[in-house]
$ cat model.txt   # compact mmCIF, C-alpha atoms
# COMPACT_ATOMS: atom_id res chain seq x y z
CA SER O 54 0.00 0.00 0.00
CA ALA O 55 1.00 3.66 -0.30
CA PHE O 56 1.37 3.89 3.48
CA VAL O 57 3.83 1.01 3.60
CA ALA O 58 5.77 2.50 0.68
CA LEU O 59 6.40 5.65 2.75
CA LEU O 60 7.85 3.72 5.67
CA ALA O 61 11.04 1.88 6.35
CA LEU O 62 9.39 -0.73 8.56
CA ALA O 63 10.96 -1.27 11.95
CA PRO O 64 9.38 -1.98 15.33
CA LEU O 65 9.25 1.05 17.60
CA SER O 66 9.17 1.48 21.34
CA SER O 67 6.53 3.52 23.15
CA GLU O 68 5.81 6.66 21.17
CA GLU O 69 3.22 9.40 21.04
CA TYR O 70 1.97 10.21 17.55
CA LEU O 71 -0.08 13.10 16.16
CA ILE O 72 -2.72 12.21 13.56
CA ASP O 73 -1.74 13.36 10.06
CA VAL O 74 -5.14 14.38 8.67
CA GLU O 75 -3.76 14.66 5.11
CA HIS O 76 -3.07 10.93 5.13
CA SER O 77 -6.06 9.84 7.19
CA ALA O 78 -9.80 9.43 6.60
CA MET O 79 -12.99 9.55 8.65
CA LEU O 80 -15.82 8.01 6.58
CA PHE O 81 -19.43 7.17 7.38
CA SER O 82 -22.50 5.76 5.64
CA VAL O 83 -26.17 5.63 6.54
CA GLN O 84 -29.10 4.09 4.70
CA HIS O 85 -31.30 6.66 2.96
CA MET O 86 -35.02 5.96 2.57
CA GLY O 87 -34.34 2.23 2.46
CA LEU O 88 -32.91 2.65 -1.05
CA GLY O 89 -29.17 2.81 -0.66
CA ASN O 90 -26.32 3.97 1.52
CA THR O 91 -25.28 7.62 1.48
CA TRP O 92 -21.58 8.12 2.18
CA GLY O 93 -19.83 11.07 3.72
CA ARG O 94 -16.65 12.08 5.45
CA PHE O 95 -15.31 14.56 7.95
CA ASN O 96 -12.41 16.56 6.57
CA ASP O 97 -11.17 18.22 9.77
CA PHE O 98 -10.10 16.11 12.73
CA SER O 99 -7.10 15.75 14.99
CA GLY O 100 -5.81 13.54 17.71
CA VAL O 101 -3.10 11.58 19.42
CA ILE O 102 -2.16 7.91 19.44
CA LYS O 103 0.15 6.47 22.06
CA PHE O 104 1.26 2.95 21.26
CA ASP O 105 3.54 0.64 23.18
CA ALA O 106 3.52 -2.99 22.02
CA LYS O 107 5.27 -4.01 25.26
CA ASP O 108 2.78 -2.17 27.48
CA LEU O 109 -0.58 -2.29 25.70
CA GLU O 110 -2.45 -1.18 28.81
CA ASN O 111 -0.57 2.14 28.56
CA SER O 112 -1.56 2.65 24.89
CA MET O 113 -4.35 5.09 23.99
CA VAL O 114 -6.10 6.95 21.19
CA GLU O 115 -7.90 10.30 21.27
CA VAL O 116 -9.68 11.78 18.25
CA THR O 117 -11.60 15.05 17.94
CA VAL O 118 -13.76 15.65 14.85
CA GLN O 119 -14.89 19.12 13.77
CA VAL O 120 -18.57 18.50 12.95
CA ALA O 121 -18.86 21.44 10.52
CA SER O 122 -16.31 19.71 8.25
CA VAL O 123 -18.93 17.14 7.18
CA ASP O 124 -18.72 16.49 3.43
CA THR O 125 -21.21 14.33 1.49
CA HIS O 126 -20.46 15.80 -1.93
CA SER O 127 -23.60 17.95 -1.72
CA LYS O 128 -23.41 21.49 -0.31
CA LYS O 129 -27.17 21.57 0.29
CA ARG O 130 -27.15 18.25 2.17
CA ASP O 131 -24.02 19.23 4.14
CA ALA O 132 -25.72 22.45 5.29
CA HIS O 133 -28.72 20.36 6.43
CA LEU O 134 -26.45 17.91 8.28
CA ARG O 135 -24.93 20.82 10.24
CA ASN O 136 -28.46 21.93 11.22
CA THR O 137 -30.12 21.37 14.60
CA ASP O 138 -32.07 18.21 13.64
CA ILE O 139 -28.96 16.30 12.55
CA PHE O 140 -25.54 17.21 14.06
CA ASP O 141 -26.33 20.68 15.46
CA ALA O 142 -22.77 21.84 14.73
CA GLY O 143 -23.46 25.28 16.23
CA THR O 144 -24.21 23.85 19.67
CA PHE O 145 -21.98 20.75 19.46
CA PRO O 146 -18.99 21.70 17.28
CA THR O 147 -16.99 18.54 18.01
CA MET O 148 -17.37 14.78 18.33
CA THR O 149 -14.77 12.84 20.29
CA PHE O 150 -13.52 9.35 20.96
CA VAL O 151 -11.13 8.57 23.81
CA GLY O 152 -9.92 4.98 24.17
CA LYS O 153 -7.41 3.79 26.76
CA GLY O 154 -5.76 0.45 27.28
CA PHE O 155 -5.29 -1.74 24.19
CA LYS O 156 -5.79 -5.51 24.39
CA ALA O 157 -4.30 -7.93 21.86
CA ALA O 158 -6.98 -9.31 19.51
CA GLY O 159 -5.04 -11.26 16.89
CA ASP O 160 -2.27 -10.39 14.42
CA ASN O 161 -1.72 -6.62 14.52
CA ALA O 162 -5.23 -6.20 15.96
CA TYR O 163 -6.16 -4.56 19.23
CA GLU O 164 -9.40 -4.16 21.13
CA VAL O 165 -9.90 -0.71 22.62
CA GLU O 166 -12.62 0.35 25.03
CA GLY O 167 -13.46 4.00 25.25
CA THR O 168 -16.05 6.73 25.22
CA ILE O 169 -17.61 8.31 22.16
CA ASN O 170 -19.30 11.71 22.50
CA ILE O 171 -21.71 12.99 19.83
CA ARG O 172 -24.09 15.92 20.38
CA GLY O 173 -23.05 16.03 24.03
CA LYS O 174 -24.14 12.43 24.65
CA GLU O 175 -21.54 9.92 25.80
CA GLN O 176 -21.60 6.18 25.29
CA SER O 177 -19.12 3.39 25.86
CA LEU O 178 -17.69 1.99 22.66
CA LYS O 179 -15.50 -1.04 22.09
CA LEU O 180 -13.73 -1.18 18.77
CA LYS O 181 -11.07 -3.20 17.02
CA LEU O 182 -8.03 -1.32 15.74
CA VAL O 183 -5.88 -2.99 13.12
CA LYS O 184 -2.29 -1.80 12.93
CA ILE O 185 -1.48 -1.31 9.24
CA GLY O 186 2.19 -0.54 9.74
CA GLU O 187 4.83 1.35 11.67
CA GLY O 188 8.33 2.61 11.06
CA ILE O 189 10.25 5.75 10.21
CA HIS O 190 8.36 8.13 7.90
CA VAL O 191 10.59 8.81 4.90
CA HIS O 192 9.61 12.50 4.54
CA HIS O 193 9.22 13.52 8.18
CA LYS O 194 12.20 11.43 9.39
CA LYS O 195 10.16 10.60 12.49
CA PRO O 196 8.45 7.45 13.79
CA ALA O 197 5.03 6.90 12.22
CA ILE O 198 2.18 4.42 12.63
CA GLY O 199 -1.11 3.57 10.92
CA PHE O 200 -4.33 2.06 12.28
CA GLU O 201 -7.76 1.34 10.82
CA ALA O 202 -11.08 0.60 12.48
CA GLU O 203 -14.57 -0.17 11.21
CA PHE O 204 -17.56 -0.11 13.53
CA GLU O 205 -21.25 0.82 13.76
CA ILE O 206 -23.24 3.09 16.06
CA ASP O 207 -26.94 3.76 16.54
CA ARG O 208 -27.41 7.42 15.58
CA THR O 209 -30.61 7.68 17.63
CA ALA O 210 -28.65 7.03 20.85
CA PHE O 211 -26.99 10.41 20.25
CA GLY O 212 -30.05 12.33 19.02
CA VAL O 213 -28.71 12.55 15.46
CA GLY O 214 -31.46 12.91 12.86
CA GLU O 215 -34.48 13.53 15.04
CA GLY O 216 -37.84 14.86 13.94
CA ASP O 217 -39.11 14.70 10.36
CA VAL O 218 -35.85 13.36 8.91
CA SER O 219 -35.71 10.36 11.23
CA ALA O 220 -37.92 8.14 9.05
CA ALA O 221 -35.71 8.75 6.00
CA LEU O 222 -32.50 7.65 7.72
CA GLY O 223 -31.40 4.22 8.86
CA LYS O 224 -30.62 3.94 12.55
CA THR O 225 -27.26 2.25 12.03
CA VAL O 226 -24.29 4.36 10.93
CA ARG O 227 -21.24 2.54 9.59
CA ILE O 228 -17.96 4.29 10.35
CA ILE O 229 -14.53 3.63 8.86
CA VAL O 230 -11.51 5.36 10.33
CA ALA O 231 -8.04 5.19 8.76
CA LEU O 232 -5.39 6.99 10.78
CA GLU O 233 -1.79 7.67 9.87
CA ALA O 234 0.10 9.42 12.65
CA VAL O 235 3.61 10.83 12.99
CA GLY O 236 5.74 11.09 16.13
CA LYS O 237 5.92 14.46 17.86

$ encode --input "model.txt" --output "structure tokens"
Amino acid sequence: SAFVALLALAPLSSEEYLIDVEHSAMLFSVQHMGLGNTWGRFNDFSGVIKFDAKDLENSMVEVTVQVASVDTHSKKRDAHLRNTDIFDAGTFPTMTFVGKGFKAAGDNAYEVEGTINIRGKEQSLKLKLVKIGEGIHVHHKKPAIGFEAEFEIDRTAFGVGEGDVSAALGKTVRIIVALEAVGK
């Protein structure tokens, strides 16, 4: 993959990494009117990953998403998504996930338990992170690491898409996160 091509792979010790948004993605899909899945992304997010293969319990991930950066390839729909009945970006400008303590879950896979906060509502969330690679980033000359996760949430648990729009949207939102992060 392109990520692996940028790295001279070598195992690293404990390191704190900042998410490189230019080489990362935050994607979501939700069923629309029972017809198909509408896809979108958030273009502005940041965060930190701390990873120590020898001390997984000390590893963590924190991600903050700027809600107003929602992008579904439709300016009209994006404006509606920022509105009060969907994300209410004016009142709740960010969504967050904080996960602490990784647990081994197979080859390069880790289970992480944390808290997701959307529209001011918190819920526990367990997800599986798959380590794509790690090594020294050729351009930055610093340690780098990549993880991916795919999971689902119930949008109604967070008050997303209430009122008239609720019947048009599926309850389950599929989320795919691909993070590439570079050492501080």

$ atom_distance --input "model.txt" --atom1 "atom CA of Arg208 of chain O" --atom2 "atom CA of Ser127 of chain O"
20.6 Å

$ residues_around --input "model.txt" --residues "segment 102-104 of chain O" --least-positions-apart "5" --cutoff "8 Å" --atoms "all atoms listed in the file" --output "count of residues only"
13

$ closest_atom_pairs --input "model.txt" --of "segment 105-158 of chain O" --to "segment 80-88 of chain O" --cutoff "10 Å" --atoms "only C-alpha atoms" --output "JSON lines"
{"residue": "O:Val123", "atom": "CA", "partner": "O:Leu80", "partner_atom": "CA", "distance": 9.7}
{"residue": "O:Asp124", "atom": "CA", "partner": "O:Leu80", "partner_atom": "CA", "distance": 9.5}
{"residue": "O:Thr125", "atom": "CA", "partner": "O:Phe81", "partner_atom": "CA", "distance": 9.4}

$ atom_distance --input "model.txt" --atom1 "atom CA of Leu182 of chain O" --atom2 "atom CA of Asp160 of chain O"
10.8 Å

$ closest_residue --input "model.txt" --among "O:Ile139, O:Ala158, O:Val235, O:Val183" --to "Gly212 of chain O" --atoms "all atoms listed in the file"
O:Ile139

$ closest_residue --input "model.txt" --among "O:Thr144, O:Ser177, O:Asn170, O:Ser77" --to "Ala121 of chain O" --atoms "all atoms listed in the file"
O:Thr144

$ closest_residue --input "model.txt" --among "O:Thr91, O:Gly167, O:Asp108, O:Ile229" --to "Arg130 of chain O" --atoms "only C-alpha atoms"
O:Thr91

$ closest_residue --input "model.txt" --among "O:Lys174, O:Gly236, O:Ala231, O:Ala220" --to "Phe145 of chain O" --atoms "all atoms listed in the file"
O:Lys174

$ axis_aligned_box --input "model.txt" --around "segment 136-151 of chain O" --padding-each-side "4 Å" --output "JSON"
{"center_x": -21.6, "center_y": 16.9, "center_z": 17.5, "size_x": 28.9, "size_y": 24.7, "size_z": 20.6}

$ closest_residue --input "model.txt" --among "O:Ala197, O:Ile185, O:Val213, O:Val165" --to "Ala142 of chain O" --atoms "all atoms listed in the file"
O:Val213

$ residues_around --input "model.txt" --residues "Ser122 of chain O" --least-positions-apart "2" --cutoff "10 Å" --atoms "only C-alpha atoms" --output "compact mmCIF listing (two decimals) with C-alpha atoms, keeping the file's coordinate frame"
# COMPACT_ATOMS: atom_id res chain seq x y z
CA ARG O 94 -16.65 12.08 5.45
CA PHE O 95 -15.31 14.56 7.95
CA ASN O 96 -12.41 16.56 6.57
CA ASP O 97 -11.17 18.22 9.77
CA PHE O 98 -10.10 16.11 12.73
CA VAL O 118 -13.76 15.65 14.85
CA GLN O 119 -14.89 19.12 13.77
CA VAL O 120 -18.57 18.50 12.95
CA ASP O 124 -18.72 16.49 3.43
CA THR O 125 -21.21 14.33 1.49
CA ASP O 131 -24.02 19.23 4.14
CA ARG O 135 -24.93 20.82 10.24
CA ALA O 142 -22.77 21.84 14.73
CA PRO O 146 -18.99 21.70 17.28
CA THR O 147 -16.99 18.54 18.01

$ atom_distance --input "model.txt" --atom1 "atom CA of Leu178 of chain O" --atom2 "atom CA of Glu164 of chain O"
10.4 Å

$ residues_near_point --input "model.txt" --point "(-12.1, -6.8, 14.8)" --cutoff "12 Å" --atoms "only C-alpha atoms" --output "ChimeraX atom specification"
/O:156-165,179-184,201-205

$ closest_residue --input "model.txt" --among "O:His76, O:His126, O:His133, O:Lys194" --to "Val218 of chain O" --atoms "all atoms listed in the file"
O:His133

$ decode --input "model.txt" --residues "segment 125-139 of chain O" --atoms "all heavy atoms" --output "short mmCIF file (atom, residue, chain, number, x, y, z; two decimals), in the first residue's frame"
data_model
loop_
_atom_site.label_atom_id
_atom_site.label_comp_id
_atom_site.auth_asym_id
_atom_site.auth_seq_id
_atom_site.Cartn_x
_atom_site.Cartn_y
_atom_site.Cartn_z
N THR O 125 -20.53 15.44 2.16
CA THR O 125 -21.21 14.33 1.49
C THR O 125 -21.29 14.55 -0.02
O THR O 125 -22.10 13.94 -0.69
CB THR O 125 -22.63 14.12 2.06
OG1 THR O 125 -23.39 15.30 1.80
CG2 THR O 125 -22.58 13.81 3.54
N HIS O 126 -20.50 15.46 -0.50
CA HIS O 126 -20.46 15.80 -1.93
C HIS O 126 -21.76 16.50 -2.38
O HIS O 126 -22.18 16.40 -3.51
CB HIS O 126 -20.17 14.57 -2.78
CG HIS O 126 -19.67 14.88 -4.15
ND1 HIS O 126 -18.50 15.56 -4.37
CD2 HIS O 126 -20.20 14.65 -5.36
CE1 HIS O 126 -18.34 15.71 -5.67
NE2 HIS O 126 -19.35 15.18 -6.29
N SER O 127 -22.40 17.18 -1.42
CA SER O 127 -23.60 17.95 -1.72
C SER O 127 -23.66 19.12 -0.72
O SER O 127 -23.91 18.90 0.47
CB SER O 127 -24.86 17.09 -1.58
OG SER O 127 -26.02 17.89 -1.55
N LYS O 128 -23.42 20.33 -1.20
CA LYS O 128 -23.41 21.49 -0.31
C LYS O 128 -24.75 21.68 0.40
O LYS O 128 -24.80 22.02 1.58
CB LYS O 128 -23.02 22.75 -1.08
CG LYS O 128 -21.57 22.75 -1.47
CD LYS O 128 -21.16 24.01 -2.19
CE LYS O 128 -19.69 23.87 -2.56
NZ LYS O 128 -19.10 25.05 -3.08
N LYS O 129 -25.84 21.42 -0.31
CA LYS O 129 -27.17 21.57 0.29
C LYS O 129 -27.36 20.55 1.42
O LYS O 129 -27.82 20.89 2.51
CB LYS O 129 -28.25 21.40 -0.78
CG LYS O 129 -29.66 21.59 -0.27
CD LYS O 129 -30.67 21.43 -1.38
CE LYS O 129 -32.09 21.53 -0.84
NZ LYS O 129 -33.09 21.31 -1.89
N ARG O 130 -27.01 19.29 1.15
CA ARG O 130 -27.15 18.25 2.17
C ARG O 130 -26.21 18.52 3.35
O ARG O 130 -26.58 18.36 4.50
CB ARG O 130 -26.88 16.86 1.58
CG ARG O 130 -27.01 15.76 2.61
CD ARG O 130 -26.91 14.35 2.04
NE ARG O 130 -25.83 14.19 1.12
CZ ARG O 130 -25.95 13.65 -0.11
NH1 ARG O 130 -27.12 13.23 -0.53
NH2 ARG O 130 -24.91 13.53 -0.89
N ASP O 131 -24.98 18.95 3.06
CA ASP O 131 -24.02 19.23 4.14
C ASP O 131 -24.54 20.33 5.06
O ASP O 131 -24.41 20.24 6.29
CB ASP O 131 -22.65 19.62 3.57
CG ASP O 131 -22.00 18.47 2.82
OD1 ASP O 131 -22.45 17.31 2.96
OD2 ASP O 131 -21.03 18.73 2.08
N ALA O 132 -25.15 21.37 4.48
CA ALA O 132 -25.72 22.45 5.29
C ALA O 132 -26.84 21.89 6.18
O ALA O 132 -26.95 22.25 7.35
CB ALA O 132 -26.25 23.57 4.40
N HIS O 133 -27.64 20.98 5.64
CA HIS O 133 -28.72 20.36 6.43
C HIS O 133 -28.13 19.50 7.55
O HIS O 133 -28.64 19.49 8.66
CB HIS O 133 -29.64 19.53 5.52
CG HIS O 133 -30.79 18.93 6.26
ND1 HIS O 133 -31.24 17.66 6.02
CD2 HIS O 133 -31.57 19.42 7.27
CE1 HIS O 133 -32.25 17.39 6.84
NE2 HIS O 133 -32.46 18.44 7.60
N LEU O 134 -27.06 18.77 7.26
CA LEU O 134 -26.45 17.91 8.28
C LEU O 134 -25.89 18.73 9.45
O LEU O 134 -25.89 18.28 10.59
CB LEU O 134 -25.33 17.06 7.67
CG LEU O 134 -25.79 15.97 6.71
CD1 LEU O 134 -24.59 15.29 6.07
CD2 LEU O 134 -26.67 14.95 7.41
N ARG O 135 -25.45 19.95 9.17
CA ARG O 135 -24.93 20.82 10.24
C ARG O 135 -26.06 21.42 11.09
O ARG O 135 -25.81 21.91 12.18
CB ARG O 135 -24.12 21.96 9.62
CG ARG O 135 -22.84 21.50 8.97
CD ARG O 135 -22.04 22.67 8.37
NE ARG O 135 -20.97 22.16 7.55
CZ ARG O 135 -20.98 22.17 6.22
NH1 ARG O 135 -21.98 22.71 5.55
NH2 ARG O 135 -19.97 21.65 5.55
N ASN O 136 -27.29 21.34 10.59
CA ASN O 136 -28.46 21.93 11.22
C ASN O 136 -28.81 21.24 12.54
O ASN O 136 -28.31 20.17 12.86
CB ASN O 136 -29.65 21.82 10.26
CG ASN O 136 -30.38 23.11 10.11
OD1 ASN O 136 -30.33 23.96 10.98
ND2 ASN O 136 -31.06 23.24 8.98
N THR O 137 -29.76 21.85 13.27
CA THR O 137 -30.12 21.37 14.60
C THR O 137 -30.72 19.97 14.63
O THR O 137 -30.55 19.25 15.61
CB THR O 137 -31.10 22.35 15.28
OG1 THR O 137 -32.24 22.51 14.45
CG2 THR O 137 -30.45 23.69 15.53
N ASP O 138 -31.43 19.53 13.58
CA ASP O 138 -32.07 18.21 13.64
C ASP O 138 -31.11 17.05 13.31
O ASP O 138 -31.46 15.89 13.51
CB ASP O 138 -33.33 18.14 12.78
CG ASP O 138 -33.08 18.42 11.31
OD1 ASP O 138 -32.00 18.94 10.98
OD2 ASP O 138 -33.98 18.14 10.50
N ILE O 139 -29.92 17.38 12.82
CA ILE O 139 -28.96 16.30 12.55
C ILE O 139 -27.79 16.43 13.55
O ILE O 139 -27.89 15.95 14.66
CB ILE O 139 -28.45 16.32 11.09
CG1 ILE O 139 -29.62 16.34 10.09
CG2 ILE O 139 -27.54 15.13 10.83
CD1 ILE O 139 -30.38 15.05 9.93
#
